[in-house]
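Shown next: target.cif, given as mmCIF, C-alpha atoms and all ligand atoms.
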```
data_target
loop_
_atom_site.label_atom_id
_atom_site.label_comp_id
_atom_site.auth_asym_id
_atom_site.auth_seq_id
_atom_site.Cartn_x
_atom_site.Cartn_y
_atom_site.Cartn_z
CA MET A 1 100.34 130.85 114.13
CA LYS A 2 97.00 129.03 114.36
CA THR A 3 96.99 125.49 115.76
CA ALA A 4 94.59 122.76 114.64
CA LEU A 5 94.08 119.40 116.33
CA ILE A 6 93.07 116.60 113.95
CA THR A 7 91.91 113.28 115.35
CA GLY A 8 92.33 110.28 113.04
CA VAL A 9 95.23 112.10 111.39
CA ALA A 10 96.61 109.02 109.62
CA GLY A 11 93.42 108.39 107.66
CA GLN A 12 92.90 109.62 104.10
CA ASP A 13 91.09 112.77 105.25
CA GLY A 14 93.54 113.36 108.10
CA LEU A 15 96.45 113.37 105.69
CA LEU A 16 94.75 115.62 103.12
CA LEU A 17 93.46 118.04 105.77
CA SER A 18 96.91 118.20 107.40
CA LYS A 19 98.50 119.07 104.06
CA PHE A 20 95.85 121.70 103.41
CA LEU A 21 96.24 123.32 106.86
CA LEU A 22 100.05 123.20 106.68
CA SER A 23 99.83 125.04 103.35
CA LYS A 24 97.78 127.70 105.15
CA GLY A 25 100.46 128.10 107.81
CA TYR A 26 98.77 126.18 110.64
CA ARG A 27 100.62 124.19 113.25
CA VAL A 28 99.03 120.73 113.06
CA VAL A 29 98.73 118.40 116.04
CA GLY A 30 97.56 114.95 114.95
CA LEU A 31 96.05 112.31 117.20
CA GLU A 32 96.30 108.73 115.98
CA ARG A 33 95.14 105.62 117.78
CA SER A 34 96.85 103.07 115.60
CA GLY A 35 100.52 102.27 115.80
CA ASN A 36 100.07 100.08 112.74
CA ALA A 37 103.04 100.67 110.41
CA ALA A 38 100.93 100.41 107.23
CA ILE A 39 98.55 103.08 108.51
CA LEU A 40 101.29 105.40 109.73
CA ASP A 41 103.09 104.91 106.42
CA ARG A 42 100.34 106.95 104.76
CA ILE A 43 101.51 110.09 106.60
CA ARG A 44 105.26 109.49 106.33
CA ASP A 45 105.69 112.56 104.06
CA ILE A 46 104.30 114.94 106.67
CA LEU A 47 105.62 113.30 109.85
CA ASP A 48 108.35 115.91 110.27
CA GLN A 49 105.85 118.75 109.76
CA ILE A 50 103.19 117.80 112.31
CA ILE A 51 103.14 116.94 116.00
CA LEU A 52 101.97 113.33 116.16
CA VAL A 53 100.42 112.06 119.39
CA ARG A 54 99.49 108.41 119.88
CA GLY A 55 96.19 107.85 121.67
CA SER A 56 92.46 107.42 121.42
CA ILE A 57 89.51 109.80 121.60
CA GLN A 58 88.18 107.38 124.21
CA ASP A 59 90.82 108.74 126.58
CA GLN A 60 89.16 111.77 128.18
CA SER A 61 92.17 112.89 130.18
CA LEU A 62 94.38 112.79 127.08
CA LEU A 63 91.90 115.00 125.21
CA VAL A 64 91.91 117.56 128.03
CA ARG A 65 95.70 117.49 128.20
CA LEU A 66 96.02 118.00 124.43
CA LEU A 67 93.74 121.03 124.47
CA GLU A 68 95.59 122.51 127.46
CA GLU A 69 99.07 121.82 126.12
CA TYR A 70 98.67 122.80 122.44
CA ASP A 71 95.87 125.36 122.73
CA PRO A 72 94.28 124.71 119.30
CA CYS A 73 91.75 127.15 117.86
CA GLU A 74 90.20 124.44 115.66
CA VAL A 75 89.54 120.75 116.32
CA TYR A 76 88.63 118.39 113.48
CA ASN A 77 87.21 115.05 114.62
CA LEU A 78 88.00 112.61 111.83
CA ALA A 79 88.64 109.62 114.10
CA ALA A 80 86.16 106.85 113.38
CA HIS A 81 85.54 103.27 112.55
CA SER A 82 84.91 104.05 108.90
CA PHE A 83 84.10 100.76 107.13
CA VAL A 84 80.32 100.38 107.18
CA PRO A 85 79.93 96.56 106.85
CA SER A 86 82.41 95.77 109.63
CA SER A 87 80.43 97.98 112.04
CA TRP A 88 77.99 95.06 112.35
CA GLY A 89 80.76 92.92 113.84
CA GLN A 90 82.01 95.74 116.09
CA ALA A 91 78.77 97.45 117.00
CA ILE A 92 79.74 98.42 120.55
CA LEU A 93 83.22 99.66 119.66
CA THR A 94 81.75 101.63 116.75
CA GLY A 95 79.35 103.30 119.18
CA GLU A 96 82.15 104.02 121.67
CA ILE A 97 84.28 105.76 119.05
CA ASN A 98 81.92 107.19 116.43
CA ALA A 99 79.26 108.28 118.93
CA LEU A 100 80.52 108.70 122.51
CA GLY A 101 83.96 109.79 121.32
CA VAL A 102 82.32 112.93 119.93
CA THR A 103 80.81 113.79 123.31
CA ARG A 104 84.18 113.27 124.96
CA ILE A 105 85.79 115.84 122.66
CA LEU A 106 82.92 118.31 123.10
CA GLU A 107 83.16 117.93 126.88
CA ALA A 108 86.91 118.54 126.75
CA ILE A 109 86.37 121.66 124.62
CA ARG A 110 83.67 122.93 126.98
CA SER A 111 85.83 122.51 130.05
CA VAL A 112 89.19 123.72 128.63
CA ASN A 113 88.29 126.44 126.11
CA PRO A 114 84.72 126.87 124.77
CA LYS A 115 86.04 129.25 122.09
CA ILE A 116 87.63 126.34 120.18
CA ARG A 117 85.86 125.72 116.86
CA PHE A 118 84.85 122.08 116.35
CA TYR A 119 84.25 120.09 113.14
CA GLN A 120 82.48 116.74 113.35
CA ALA A 121 82.84 114.32 110.43
CA SER A 122 79.23 113.36 109.88
CA SER A 123 78.25 111.09 106.99
CA SER A 124 75.61 110.50 104.33
CA GLU A 125 75.10 107.15 106.09
CA VAL A 126 72.95 109.04 108.64
CA PHE A 127 70.26 109.23 105.93
CA GLY A 128 70.37 105.45 105.39
CA ASN A 129 67.00 104.43 104.03
CA ALA A 130 66.40 108.04 103.03
CA VAL A 131 62.90 109.46 102.77
CA GLU A 132 63.89 111.69 99.84
CA THR A 133 66.48 111.99 97.07
CA PRO A 134 68.63 114.06 96.90
CA GLN A 135 69.21 114.68 100.60
CA ASN A 136 69.81 118.06 102.20
CA GLU A 137 70.44 119.39 105.72
CA ASN A 138 66.75 118.98 106.62
CA THR A 139 66.34 115.38 105.42
CA PRO A 140 65.40 113.14 108.39
CA PHE A 141 67.95 110.59 109.60
CA ARG A 142 67.11 106.92 109.02
CA PRO A 143 70.45 105.14 109.53
CA ARG A 144 70.58 101.41 108.92
CA SER A 145 73.90 100.18 110.29
CA PRO A 146 75.70 100.55 113.62
CA TYR A 147 78.03 102.92 111.74
CA GLY A 148 75.16 105.10 110.55
CA VAL A 149 73.45 105.08 113.96
CA ALA A 150 76.67 106.11 115.72
CA LYS A 151 77.31 108.87 113.15
CA ALA A 152 73.74 110.12 113.66
CA TYR A 153 74.46 110.36 117.40
CA GLY A 154 77.76 112.18 116.73
CA HIS A 155 75.97 114.60 114.45
CA SER A 156 73.12 115.30 116.87
CA ILE A 157 75.28 115.69 119.98
CA THR A 158 77.33 118.29 118.07
CA VAL A 159 74.16 120.23 117.26
CA ASN A 160 73.04 119.90 120.89
CA TYR A 161 76.31 121.27 122.32
CA ARG A 162 76.11 124.16 119.86
CA GLU A 163 72.57 125.03 120.90
CA MET A 164 72.91 124.32 124.62
CA PHE A 165 76.38 125.72 125.34
CA GLY A 166 76.88 128.14 122.43
CA LEU A 167 79.93 126.26 121.09
CA TYR A 168 81.03 126.88 117.51
CA ALA A 169 80.45 123.22 116.59
CA VAL A 170 79.46 121.99 113.13
CA SER A 171 78.69 118.68 111.46
CA GLY A 172 79.69 118.18 107.84
CA ILE A 173 77.48 115.54 106.22
CA LEU A 174 79.95 114.20 103.69
CA TYR A 175 79.17 111.77 100.90
CA ASN A 176 81.74 109.25 99.64
CA HIS A 177 85.06 110.95 99.03
CA GLU A 178 88.06 109.21 97.56
CA SER A 179 91.68 109.74 96.59
CA PRO A 180 94.84 107.72 95.99
CA PHE A 181 95.15 107.60 99.82
CA ARG A 182 91.85 105.73 100.27
CA GLY A 183 92.00 102.54 102.35
CA LEU A 184 92.14 99.28 100.42
CA GLU A 185 88.85 97.99 101.85
CA PHE A 186 86.79 100.65 100.05
CA VAL A 187 85.50 99.78 96.61
CA THR A 188 87.19 102.61 94.68
CA ARG A 189 90.70 101.77 95.83
CA LYS A 190 89.96 98.06 95.59
CA ILE A 191 89.21 98.62 91.91
CA SER A 192 92.09 101.01 91.10
CA LEU A 193 94.66 98.76 92.76
CA GLY A 194 93.01 95.58 91.46
CA ALA A 195 93.11 96.82 87.87
CA VAL A 196 96.77 97.84 88.16
CA ASN A 197 97.70 94.45 89.65
CA ILE A 198 95.97 92.74 86.73
CA LYS A 199 97.77 94.95 84.21
CA LEU A 200 101.08 94.08 85.85
CA GLY A 201 100.28 90.35 85.79
CA LYS A 202 100.19 90.17 89.60
CA ALA A 203 96.50 89.17 89.67
CA ARG A 204 94.13 87.50 87.25
CA GLU A 205 90.73 88.68 88.49
CA LEU A 206 88.97 91.16 90.76
CA ARG A 207 86.08 90.01 92.95
CA LEU A 208 83.46 92.62 93.76
CA GLY A 209 79.92 92.82 95.13
CA ASN A 210 77.01 94.59 93.48
CA LEU A 211 78.21 96.32 90.31
CA GLU A 212 74.94 98.25 90.07
CA ALA A 213 75.42 99.85 93.51
CA ARG A 214 75.57 103.62 93.06
CA ARG A 215 77.28 106.32 95.06
CA ASP A 216 77.87 110.06 95.03
CA TRP A 217 81.68 109.97 94.76
CA GLY A 218 83.87 113.06 95.00
CA TYR A 219 87.54 113.90 95.46
CA ALA A 220 88.58 113.96 99.14
CA GLY A 221 90.96 116.89 98.53
CA ASP A 222 87.93 119.05 97.74
CA TYR A 223 86.07 117.81 100.82
CA VAL A 224 88.77 118.74 103.34
CA GLN A 225 88.58 122.31 102.03
CA ALA A 226 84.84 122.25 102.81
CA MET A 227 85.66 121.15 106.39
CA TRP A 228 87.93 124.14 106.83
CA LEU A 229 85.44 126.55 105.24
CA MET A 230 82.78 125.37 107.70
CA LEU A 231 84.97 126.59 110.58
CA GLN A 232 85.65 130.02 109.01
CA GLN A 233 82.05 131.31 108.95
CA SER A 234 80.50 133.91 111.24
CA LYS A 235 77.86 131.41 112.36
CA ALA A 236 78.20 127.66 113.02
CA GLU A 237 75.90 125.62 110.77
CA ASP A 238 75.77 122.10 109.34
CA TYR A 239 76.33 121.38 105.65
CA VAL A 240 75.79 118.56 103.16
CA ILE A 241 78.88 118.04 100.97
CA GLY A 242 78.78 115.94 97.79
CA THR A 243 78.83 116.23 94.02
CA GLY A 244 75.10 115.71 93.40
CA GLU A 245 75.96 113.05 90.79
CA ILE A 246 75.72 109.32 91.16
CA HIS A 247 77.69 106.65 89.37
CA SER A 248 77.73 102.88 89.62
CA VAL A 249 80.51 100.52 90.67
CA ARG A 250 80.29 99.20 87.11
CA GLU A 251 81.06 102.66 85.66
CA PHE A 252 84.01 102.97 88.04
CA CYS A 253 85.36 99.62 86.78
CA GLU A 254 84.81 100.55 83.15
CA ILE A 255 86.85 103.78 83.40
CA ALA A 256 89.54 102.31 85.67
CA PHE A 257 90.28 99.30 83.46
CA ALA A 258 90.01 101.34 80.25
CA ARG A 259 92.69 103.70 81.62
CA LEU A 260 95.04 100.71 81.50
CA GLY A 261 93.82 99.53 78.09
CA LEU A 262 91.77 96.68 79.60
CA ASP A 263 88.12 95.60 79.37
CA TYR A 264 86.78 95.12 82.92
CA ARG A 265 84.32 92.45 81.73
CA GLU A 266 87.21 90.05 81.21
CA TYR A 267 88.45 90.34 84.81
CA VAL A 268 85.71 91.42 87.21
CA ILE A 269 83.84 88.60 88.94
CA VAL A 270 80.70 89.28 90.93
CA ASP A 271 81.03 87.59 94.30
CA PRO A 272 77.97 87.44 96.59
CA ARG A 273 80.29 87.64 99.63
CA PHE A 274 80.67 91.37 98.95
CA TYR A 275 76.96 92.07 98.45
CA ARG A 276 75.27 94.28 101.05
CA PRO A 277 71.62 94.07 102.03
CA ASN A 278 69.23 97.06 101.74
CA GLU A 279 71.08 99.19 99.24
CA ASP A 280 68.03 100.30 97.26
CA THR A 281 68.04 103.92 98.40
CA LEU A 282 69.96 106.45 96.38
CA LEU A 283 72.24 108.52 98.56
CA VAL A 284 72.96 111.66 96.58
CA ALA A 285 73.80 115.10 97.90
CA ASP A 286 71.93 118.34 97.50
CA ALA A 287 74.90 120.56 98.39
CA SER A 288 73.24 123.81 97.32
CA LYS A 289 73.59 125.32 100.81
CA ALA A 290 77.38 124.75 100.70
CA HIS A 291 77.51 126.26 97.19
CA ARG A 292 75.56 129.30 98.35
CA GLN A 293 77.02 129.95 101.80
CA LEU A 294 80.53 128.50 101.64
CA GLY A 295 81.18 129.12 97.95
CA TRP A 296 82.28 125.47 97.86
CA ARG A 297 82.16 123.40 94.64
CA PRO A 298 83.89 120.14 93.70
CA SER A 299 86.84 120.67 91.34
CA VAL A 300 87.40 117.07 90.19
CA ASN A 301 84.76 115.16 88.22
CA PHE A 302 84.05 111.43 88.40
CA CYS A 303 86.17 110.40 85.41
CA GLU A 304 89.11 112.54 86.59
CA LEU A 305 88.84 110.98 90.05
CA VAL A 306 88.94 107.40 88.74
CA GLU A 307 91.86 108.16 86.47
CA MET A 308 93.75 109.97 89.26
CA MET A 309 93.44 106.89 91.48
CA VAL A 310 94.48 104.44 88.77
CA ASP A 311 97.42 106.63 87.71
CA ALA A 312 98.66 106.89 91.31
CA ASP A 313 98.52 103.13 91.85
CA TRP A 314 100.19 102.58 88.48
CA MET A 315 103.00 105.01 89.32
CA ALA A 316 103.58 103.39 92.70
CA LEU A 317 103.47 99.76 91.56
CA SER A 318 104.98 99.82 88.08
CA HIS A 319 108.07 101.57 89.44
CA SER A 320 108.53 99.36 92.51
O1 LIG B 401 83.53 101.98 99.18
P1 LIG B 401 82.48 101.49 100.09
O2 LIG B 401 82.84 100.40 101.02
O3 LIG B 401 81.95 102.78 100.87
P2 LIG B 401 80.61 103.07 101.73
O4 LIG B 401 80.10 101.86 102.40
O5 LIG B 401 79.66 103.80 100.84
O6 LIG B 401 81.14 104.03 102.89
C1 LIG B 401 82.03 105.12 102.66
O7 LIG B 401 81.32 106.31 102.42
C2 LIG B 401 80.43 106.74 103.49
C3 LIG B 401 79.76 108.04 103.07
O8 LIG B 401 80.69 109.07 103.03
C4 LIG B 401 81.23 106.91 104.78
F1 LIG B 401 80.37 107.25 105.77
C5 LIG B 401 81.97 105.64 105.13
O9 LIG B 401 82.80 105.85 106.25
C6 LIG B 401 82.86 105.26 103.94
O10 LIG B 401 83.83 106.28 103.75
O11 LIG B 401 81.21 100.99 99.25
C7 LIG B 401 80.67 101.77 98.21
C8 LIG B 401 79.66 100.95 97.41
C9 LIG B 401 78.64 100.22 98.28
O12 LIG B 401 77.37 100.41 97.66
C10 LIG B 401 79.03 98.76 98.19
O13 LIG B 401 77.94 97.86 98.29
O14 LIG B 401 80.34 99.93 96.71
C11 LIG B 401 79.60 98.73 96.78
N1 LIG B 401 80.51 97.59 96.54
C12 LIG B 401 80.37 96.71 95.54
N2 LIG B 401 81.36 95.79 95.61
C13 LIG B 401 81.59 97.26 97.27
C14 LIG B 401 82.14 96.12 96.67
N3 LIG B 401 82.15 97.84 98.36
C15 LIG B 401 83.28 97.27 98.86
N4 LIG B 401 83.88 97.86 99.93
N5 LIG B 401 83.84 96.14 98.31
C16 LIG B 401 83.30 95.52 97.22
O15 LIG B 401 83.81 94.51 96.72
#
```
Starting from the coordinates I provided, produce the structure as structure tokens.
Ligand code: G4F
Amino acid sequence: MKTALITGVAGQDGLLLSKFLLSKGYRVVGLERSGNAAILDRIRDILDQIILVRGSIQDQSLLVRLLEEYDPCEVYNLAAHSFVPSSWGQAILTGEINALGVTRILEAIRSVNPKIRFYQASSSEVFGNAVETPQNENTPFRPRSPYGVAKAYGHSITVNYREMFGLYAVSGILYNHESPFRGLEFVTRKISLGAVNIKLGKARELRLGNLEARRDWGYAGDYVQAMWLMLQQSKAEDYVIGTGEIHSVREFCEIAFARLGLDYREYVIVDPRFYRPNEDTLLVADASKAHRQLGWRPSVNFCELVEMMVDADWMALSHS
């Protein structure tokens, strides 16, 4: 039986990747920093199927002990401070976890078992104020938040350990990926849940930032498969993963509210508090390398994704 270690296991991607690997017969060891009940609640369905360890990727000796004790053949580093705007208020912590945390894991792998295959969750935010659209694996990094800067470090140190020490270490540059398990701070889940609350009479309005902001949104279930595929190749390489399509926050609202028979224009209020500076650049993926080499393609389109999220929130709330 193969063993995989997943850091950040209680996040959206940690849950979906765990389910995917369990279905493939892996033993899953999950590392989770937070003891927060709401966060752990997300993985309640798989708690009896995985080995859950509480701790942080900042703890070097814990990382070494985990690799020695469980002997994983694959390590997926999904642990991160993931909300971009709040990285400005936690710039140092974001660097400690999203940047240096990656080196800590790579060092542990190098010292315990250099044959372990390593996946680093890189992000489209490394392109930031991108020099070209769409972006591919050769597009220069121009991050513009502490989050993006730290992810750029995590990406580059992974490439460096691959080239310097011959590790099988890859960075997946993932664009926005969503699901019913998405955190409530992200705009997609804020909208799906907000619309359902309005339909149920529990809220009267939904306050959002820039409705014209556009993103390349895909289904997270597809993206965790890409992570796994990246570790099954004969050669370690980095890949851009996204749909190649962009849609606006406004379009997301339109479909989400319409799913519930509502017109978003009657409920959505634009609130400057949620506006972000410097969002002129279009971040959109050129995932042709992943199509060609991994045989990876998204299976859920934008409209299906929005409706999946609204339906899940509706099922959960209208029956509670
Ligand atoms: O959902 P968001 O907060 O996601 P964001 O910042 O794009 O980051 C996500 O995707 C990145 C790429 O994969 C990851 F690296 C990162 O960890 C995270 O998973 O915002 C999406 C868009 C932005 O343009 C934002 O300005 O929605 C716009 N937006 C408009 N109104 C809003 C709101 N975002 C939030 N969170 N809340 C609003 O009210």
Might I get the box with edges along x, y and z of the file that holds all atoms of ligand LIG 401 (chain B) listed there, padded by 5 Å on every side, given as centre and edge lengths in Å to one decimal, as JSON?
```
{"center_x": 80.6, "center_y": 101.8, "center_z": 100.9, "size_x": 16.5, "size_y": 24.6, "size_z": 20.7}
```
Residue neighbourhood Met227 in chain A, 9 Å, all atoms listed in the file, exclusion window fewer than 6 positions, as a PyMOL selection string: chain A and resi 17+76+119-121+171-172
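One finds CA of Leu294 in chain A at 28.4 Å from CA of Ser248 in chain A.
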Show me which residues are within 7 Å of ligand LIG 401 (chain B) counting all atoms listed in the file, and format the list as an mmCIF file with C-alpha atoms, in the frame of the given file.
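Writing done, so here's selection.cif:
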```
data_model
loop_
_atom_site.group_PDB
_atom_site.id
_atom_site.type_symbol
_atom_site.label_atom_id
_atom_site.label_comp_id
_atom_site.auth_asym_id
_atom_site.auth_seq_id
_atom_site.Cartn_x
_atom_site.Cartn_y
_atom_site.Cartn_z
ATOM 1 C CA SER A 82 84.910 104.050 108.900
ATOM 2 C CA PHE A 83 84.100 100.760 107.130
ATOM 3 C CA VAL A 84 80.320 100.380 107.180
ATOM 4 C CA PRO A 85 79.930 96.560 106.850
ATOM 5 C CA SER A 123 78.250 111.090 106.990
ATOM 6 C CA SER A 124 75.610 110.500 104.330
ATOM 7 C CA GLU A 125 75.100 107.150 106.090
ATOM 8 C CA LEU A 174 79.950 114.200 103.690
ATOM 9 C CA TYR A 175 79.170 111.770 100.900
ATOM 10 C CA ASN A 176 81.740 109.250 99.640
ATOM 11 C CA HIS A 177 85.060 110.950 99.030
ATOM 12 C CA GLU A 185 88.850 97.990 101.850
ATOM 13 C CA PHE A 186 86.790 100.650 100.050
ATOM 14 C CA VAL A 187 85.500 99.780 96.610
ATOM 15 C CA THR A 188 87.190 102.610 94.680
ATOM 16 C CA LYS A 190 89.960 98.060 95.590
ATOM 17 C CA ARG A 207 86.080 90.010 92.950
ATOM 18 C CA LEU A 208 83.460 92.620 93.760
ATOM 19 C CA GLY A 209 79.920 92.820 95.130
ATOM 20 C CA ASN A 210 77.010 94.590 93.480
ATOM 21 C CA LEU A 211 78.210 96.320 90.310
ATOM 22 C CA ALA A 213 75.420 99.850 93.510
ATOM 23 C CA ARG A 214 75.570 103.620 93.060
ATOM 24 C CA ARG A 215 77.280 106.320 95.060
ATOM 25 C CA VAL A 249 80.510 100.520 90.670
ATOM 26 C CA PHE A 274 80.670 91.370 98.950
ATOM 27 C CA TYR A 275 76.960 92.070 98.450
ATOM 28 C CA ARG A 276 75.270 94.280 101.050
ATOM 29 C CA GLU A 279 71.080 99.190 99.240
#
```
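If you look at CA of Ala258 in chain A and CA of Ile241 in chain A, they are 28.8 Å away from each other.
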What gap, in Å, lies between CA of Val300 in chain A and CA of His247 in chain A?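 Interatomic distance here is 14.3 Å.
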In the coordinates of the file, take the point (72.4, 106.1, 97.6) and a cut-off of 8 Å; then, counting only C-alpha atoms, name each qualifying protein, DNA or RNA residue as number ranges by chain. A: 214-216, 246, 279-284
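Ranking A:Val126, A:Ile39, A:Leu260, A:Leu31 by their shortest atom-to-atom distance to Val53 in chain A, with all atoms listed in the file included, puts A:Leu31 first.
Proximity to Tyr223 in chain A was assessed for A:Ile109, A:Ala290, A:Ala203, A:Ile255 counting only C-alpha atoms; the smallest distance is recorded for A:Ala290.
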Which polymer residues have any atom within 12 Å of an atom of Leu16 in chain A, counting all atoms listed in the file, with same-chain residues fewer than 2 positions away left out, as a ChimeraX atom specification? /A:6,8-14,18-23,28,42-43,45-46,78,177-182,219-228
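Applying the 7 Å criterion to (86.3, 89.6, 90.2) in file coordinates and using all atoms listed in the file, one obtains the residues A:Glu205, A:Leu206, A:Arg207, A:Leu208, A:Tyr267, A:Val268, A:Ile269, A:Val270, A:Asp271.
Residues in contact with Asn129 in chain A at 7 Å, where all atoms listed in the file are counted and same-chain residues fewer than 6 positions away are skipped, are listed as A:Arg142, A:Pro143, A:Arg144, A:Thr281.
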Counting only C-alpha atoms, what is within 10 Å of Lys199 in chain A, bar same-chain residues fewer than 4 positions away, as a VMD selection string? chain A and resid 193 to 195 203 to 204 257 260 to 262 314 318
Residues from the last selection, C-alpha atoms, saved as a PDB file, keeping the file's coordinate frame:
```pdb
ATOM      1  CA  LEU A 193      94.660  98.760  92.760  1.00  0.00           C
ATOM      2  CA  GLY A 194      93.010  95.580  91.460  1.00  0.00           C
ATOM      3  CA  ALA A 195      93.110  96.820  87.870  1.00  0.00           C
ATOM      4  CA  ALA A 203      96.500  89.170  89.670  1.00  0.00           C
ATOM      5  CA  ARG A 204      94.130  87.500  87.250  1.00  0.00           C
ATOM      6  CA  PHE A 257      90.280  99.300  83.460  1.00  0.00           C
ATOM      7  CA  LEU A 260      95.040 100.710  81.500  1.00  0.00           C
ATOM      8  CA  GLY A 261      93.820  99.530  78.090  1.00  0.00           C
ATOM      9  CA  LEU A 262      91.770  96.680  79.600  1.00  0.00           C
ATOM     10  CA  TRP A 314     100.190 102.580  88.480  1.00  0.00           C
ATOM     11  CA  SER A 318     104.980  99.820  88.080  1.00  0.00           C
TER      12      SER A 318
END
```
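Among the candidate residues A:Ile116, A:Ser111, A:Glu266, A:Leu200, the one lying nearest to His319 in chain A is A:Leu200, with distances computed using all atoms listed in the file.
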